[in-house]
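Working notes for the structure below.
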Amino acid sequence: MMKLKYALTTGILAIMAGQASASELDVMWYLSSDTEEQVIKDVLATYTEAHPETTFNLQIVPYDGIDNRFAQLASAGSLPDISKTSSMRPFIRPYLTDLAPTLGADFLDQFNQGLAAGAKLGDQIIAAPLDLTAIGMLLNVDAFKEAGIEIPPIDQPWTWDEFLANAKEASEAAGIRYPLVWDVSASRWLTFEFQYGNHLFSEEEPYEVVFDQDKATATLDKFIEIADGYMPAGLFSGSSSDNPKSLFLNNQAVAWMSGSWQVPSLAADADFTWSAGPTPYGTVQSSMVGGDYVVGFNTSEHADEATAFIEWLTATGEGQSAFNKPLFLIPANLDIPAIDYGDATVSEALQRFQAELTESPVYAATDQGNSAMQYVWDPIIQSVNQVAAGQISSADAIAKIRKAAEDALAADAQ
């Protein structure tokens, strides 16, 4: 565990060696990328520069096992003042600061509503959304241009049938091997189910499994048809070693179903014009919402200062830009000015991903955010792989996924 203490001394940031301060807040933070450690250090330093009475003791921790860490710290009475987290599991909720009395009952109205839904507990606000990721389609614009096909605006996407026909035509015109590649991922496949109105769990407590057997089976059948007809052979069965990212970056695929976290790589490595979306739809326009929250703990001796920092980080343009801009992340706050990421293509791509998140149904976030999902991701991808390999039927796969979801809710409730 790394501990770094920051304070402002004569206008510059100085690293202190045990010197007391007016309010030193313990911050527990996990890293989602190699560059995030320096980013969060810079964010804390920026806040201290404007609020010299508040300094920070930053603890970098691994993401794996963070729930166990929360439980241990709660039991020991040594929870931090502030933490980053991706979910608020039931066991930790009693220890979380209710932000509503200080920041207002409408505080969450300014955020992506999918992620905001996970921050509510009755009338309480137990977290503040920090950043977003979005699943969606990346397109080789040059290939479509060569075929004379105009890509529609972000708010008027193709249906899946329209997209597949156009992607195939573009691949043939541009001499590109595949119309489509797709990350072999449970979340990327589940997004396709979302786009036909199917999702695993009810959106609000008490949670129940609502994955319709017949509708989800029909959607999986369609997905397998797409995998067989438009993607590299064996991609989803596991018999192919093709890497979707490499294929797309090397002009071997017209479209790539992946997500917003790929934008930095595309900006650095793609030698063709590309765009984020529009993502095709079935009956519903949907991405899948991922992201992180910031929470405070009601055991803190500095709850007011912690809440003030959380508000600055998540509800001001300065705070949201300071954290999200250098990491090429989508801000969770919809009311702040658009972030200029220093690259016009990157800025446009992330704004397009954000627009698709805004149009997504709430279940595109609540399924992902449901703590029971931790037990379902593996059964999902294993079942889909088995269907792609011809080992089981789509109906059997959906039944297995439903059973895993039901068992997960039961396990999570214990």
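Identifiers for the structure tokens are assigned positionally: chains receive A, B, ... in sequence, residues are indexed from 1 per chain, and ligands are indexed from 1 in the order shown.
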
Within 12 Å of Tyr178 (chain A) using only C-alpha atoms, minus same-chain residues under 6 positions, as a PyMOL selection string: chain A and resi 140+143+164+167-172+226-233+235+242+244+247-248+250-256

The selected residues should be written to file as a CSV table (one decimal), in the first residue's frame (atoms: N, CA and C atoms).
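Once everything was written out, this is again.csv:
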```csv
chain,number,residue,atom,x,y,z
A,140,ASN,N,-14.6,2.0,-39.7
A,140,ASN,CA,-13.6,2.4,-40.6
A,140,ASN,C,-14.3,3.3,-41.6
A,143,ALA,N,-13.5,3.0,-45.4
A,143,ALA,CA,-14.0,1.8,-46.2
A,143,ALA,C,-15.5,2.2,-46.6
A,164,LEU,N,-25.5,-4.5,-41.4
A,164,LEU,CA,-24.8,-5.6,-41.9
A,164,LEU,C,-24.7,-5.6,-43.4
A,167,ALA,N,-22.1,-2.9,-44.2
A,167,ALA,CA,-20.7,-3.3,-43.8
A,167,ALA,C,-20.2,-4.3,-44.8
A,168,LYS,N,-21.0,-5.2,-45.2
A,168,LYS,CA,-20.6,-6.2,-46.2
A,168,LYS,C,-20.2,-5.5,-47.5
A,169,GLU,N,-21.1,-4.6,-47.9
A,169,GLU,CA,-20.8,-3.9,-49.2
A,169,GLU,C,-19.5,-3.1,-49.1
A,170,ALA,N,-19.3,-2.5,-47.9
A,170,ALA,CA,-18.0,-1.7,-47.7
A,170,ALA,C,-16.8,-2.6,-47.7
A,171,SER,N,-16.9,-3.7,-47.1
A,171,SER,CA,-15.8,-4.6,-47.1
A,171,SER,C,-15.4,-5.1,-48.5
A,172,GLU,N,-16.4,-5.4,-49.3
A,172,GLU,CA,-16.1,-5.8,-50.6
A,172,GLU,C,-15.5,-4.7,-51.5
A,226,ILE,N,-25.0,-13.8,-37.2
A,226,ILE,CA,-24.0,-12.7,-37.5
A,226,ILE,C,-22.6,-13.2,-37.4
A,227,ALA,N,-22.3,-13.9,-36.3
A,227,ALA,CA,-21.0,-14.4,-36.1
A,227,ALA,C,-20.5,-15.3,-37.2
A,228,ASP,N,-21.4,-16.1,-37.7
A,228,ASP,CA,-21.1,-17.1,-38.8
A,228,ASP,C,-21.0,-16.4,-40.1
A,229,GLY,N,-21.7,-15.4,-40.4
A,229,GLY,CA,-21.8,-14.8,-41.7
A,229,GLY,C,-21.0,-13.5,-41.9
A,230,TYR,N,-20.5,-12.9,-40.8
A,230,TYR,CA,-19.8,-11.6,-41.0
A,230,TYR,C,-18.5,-11.5,-40.3
A,231,MET,N,-18.2,-12.4,-39.3
A,231,MET,CA,-17.0,-12.3,-38.5
A,231,MET,C,-16.1,-13.4,-38.9
A,232,PRO,N,-14.8,-13.3,-38.4
A,232,PRO,CA,-13.9,-14.4,-38.7
A,232,PRO,C,-14.4,-15.8,-38.2
A,233,ALA,N,-14.2,-16.8,-39.0
A,233,ALA,CA,-14.7,-18.1,-38.5
A,233,ALA,C,-14.0,-18.5,-37.2
A,235,LEU,N,-14.4,-17.2,-34.3
A,235,LEU,CA,-14.1,-16.1,-33.3
A,235,LEU,C,-14.7,-16.4,-32.0
A,242,ASP,N,-7.7,-15.1,-34.0
A,242,ASP,CA,-7.8,-13.7,-34.5
A,242,ASP,C,-8.0,-12.8,-33.3
A,244,PRO,N,-9.6,-9.2,-32.5
A,244,PRO,CA,-10.4,-8.2,-33.1
A,244,PRO,C,-9.7,-6.8,-33.2
A,247,LEU,N,-7.1,-6.9,-36.0
A,247,LEU,CA,-7.8,-6.9,-37.3
A,247,LEU,C,-8.3,-5.6,-37.7
A,248,PHE,N,-8.9,-4.9,-36.8
A,248,PHE,CA,-9.5,-3.6,-37.1
A,248,PHE,C,-8.4,-2.6,-37.4
A,250,ASN,N,-5.4,-3.1,-38.4
A,250,ASN,CA,-4.7,-3.4,-39.6
A,250,ASN,C,-5.5,-3.5,-40.9
A,251,ASN,N,-6.7,-2.8,-40.9
A,251,ASN,CA,-7.5,-2.7,-42.1
A,251,ASN,C,-8.0,-4.0,-42.5
A,252,GLN,N,-8.3,-4.9,-41.6
A,252,GLN,CA,-8.8,-6.2,-41.9
A,252,GLN,C,-10.3,-6.4,-41.5
A,253,ALA,N,-10.9,-5.3,-41.0
A,253,ALA,CA,-12.3,-5.3,-40.6
A,253,ALA,C,-12.9,-3.9,-40.8
A,254,VAL,N,-14.1,-3.9,-41.3
A,254,VAL,CA,-14.8,-2.6,-41.5
A,254,VAL,C,-15.3,-2.0,-40.2
A,255,ALA,N,-15.7,-2.9,-39.3
A,255,ALA,CA,-16.4,-2.4,-38.0
A,255,ALA,C,-15.9,-3.3,-36.9
A,256,TRP,N,-15.9,-2.7,-35.7
A,256,TRP,CA,-15.4,-3.4,-34.5
A,256,TRP,C,-16.3,-3.1,-33.3
```

Report the residues of region 40-282 of chain A whose backbone DSSP state falls under alpha helix (DSSP H), written as a PyMOL selection string. chain A and resi 40-50+66-76+100-103+113-117+141-146+160-174+186-194+213-230+244-249+263-269

Mind pulling up the distance from CA of Pro278 (chain A) to CA of Leu138 (chain A)?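 Computing it gives 8.0 Å between the two atoms.
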
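When CA of Pro80 (chain A) is paired with CA of Asp304 (chain A), their separation reads 13.8 Å.
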
Show which residues sit within 9 Å of Leu220 (chain A), as a list in words. Count only C-alpha atoms, and ignore same-chain residues fewer than 3 positions away.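 Result of the neighbour search: Trp189, Phe192, Glu193, Lys215, Ala216, Thr217, Phe223, Ile224, Glu225, Val384, Val387, Ser394, Ala395, Ala397 and Ile398 of chain A.
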
Selected residues written out, C-alpha atoms, as a PDB file, in the first residue's frame:
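Saved result, result-v1.pdb, follows:
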```pdb
ATOM      1  CA  TRP A 189     -22.590  -9.899 -26.248  1.00  0.00           C
ATOM      2  CA  PHE A 192     -26.619  -7.069 -28.265  1.00  0.00           C
ATOM      3  CA  GLU A 193     -29.384  -8.556 -26.090  1.00  0.00           C
ATOM      4  CA  LYS A 215     -36.964 -13.523 -26.700  1.00  0.00           C
ATOM      5  CA  ALA A 216     -33.389 -13.889 -25.477  1.00  0.00           C
ATOM      6  CA  THR A 217     -33.064 -17.198 -27.371  1.00  0.00           C
ATOM      7  CA  PHE A 223     -26.160 -13.180 -32.983  1.00  0.00           C
ATOM      8  CA  ILE A 224     -24.829 -16.600 -34.030  1.00  0.00           C
ATOM      9  CA  GLU A 225     -25.998 -15.932 -37.588  1.00  0.00           C
ATOM     10  CA  VAL A 384     -22.344 -18.235 -25.826  1.00  0.00           C
ATOM     11  CA  VAL A 387     -23.511 -22.222 -28.867  1.00  0.00           C
ATOM     12  CA  SER A 394     -29.338 -21.132 -27.961  1.00  0.00           C
ATOM     13  CA  ALA A 395     -32.303 -22.154 -25.812  1.00  0.00           C
ATOM     14  CA  ALA A 397     -27.569 -21.386 -23.302  1.00  0.00           C
ATOM     15  CA  ILE A 398     -30.229 -18.896 -22.234  1.00  0.00           C
TER      16      ILE A 398
END
```
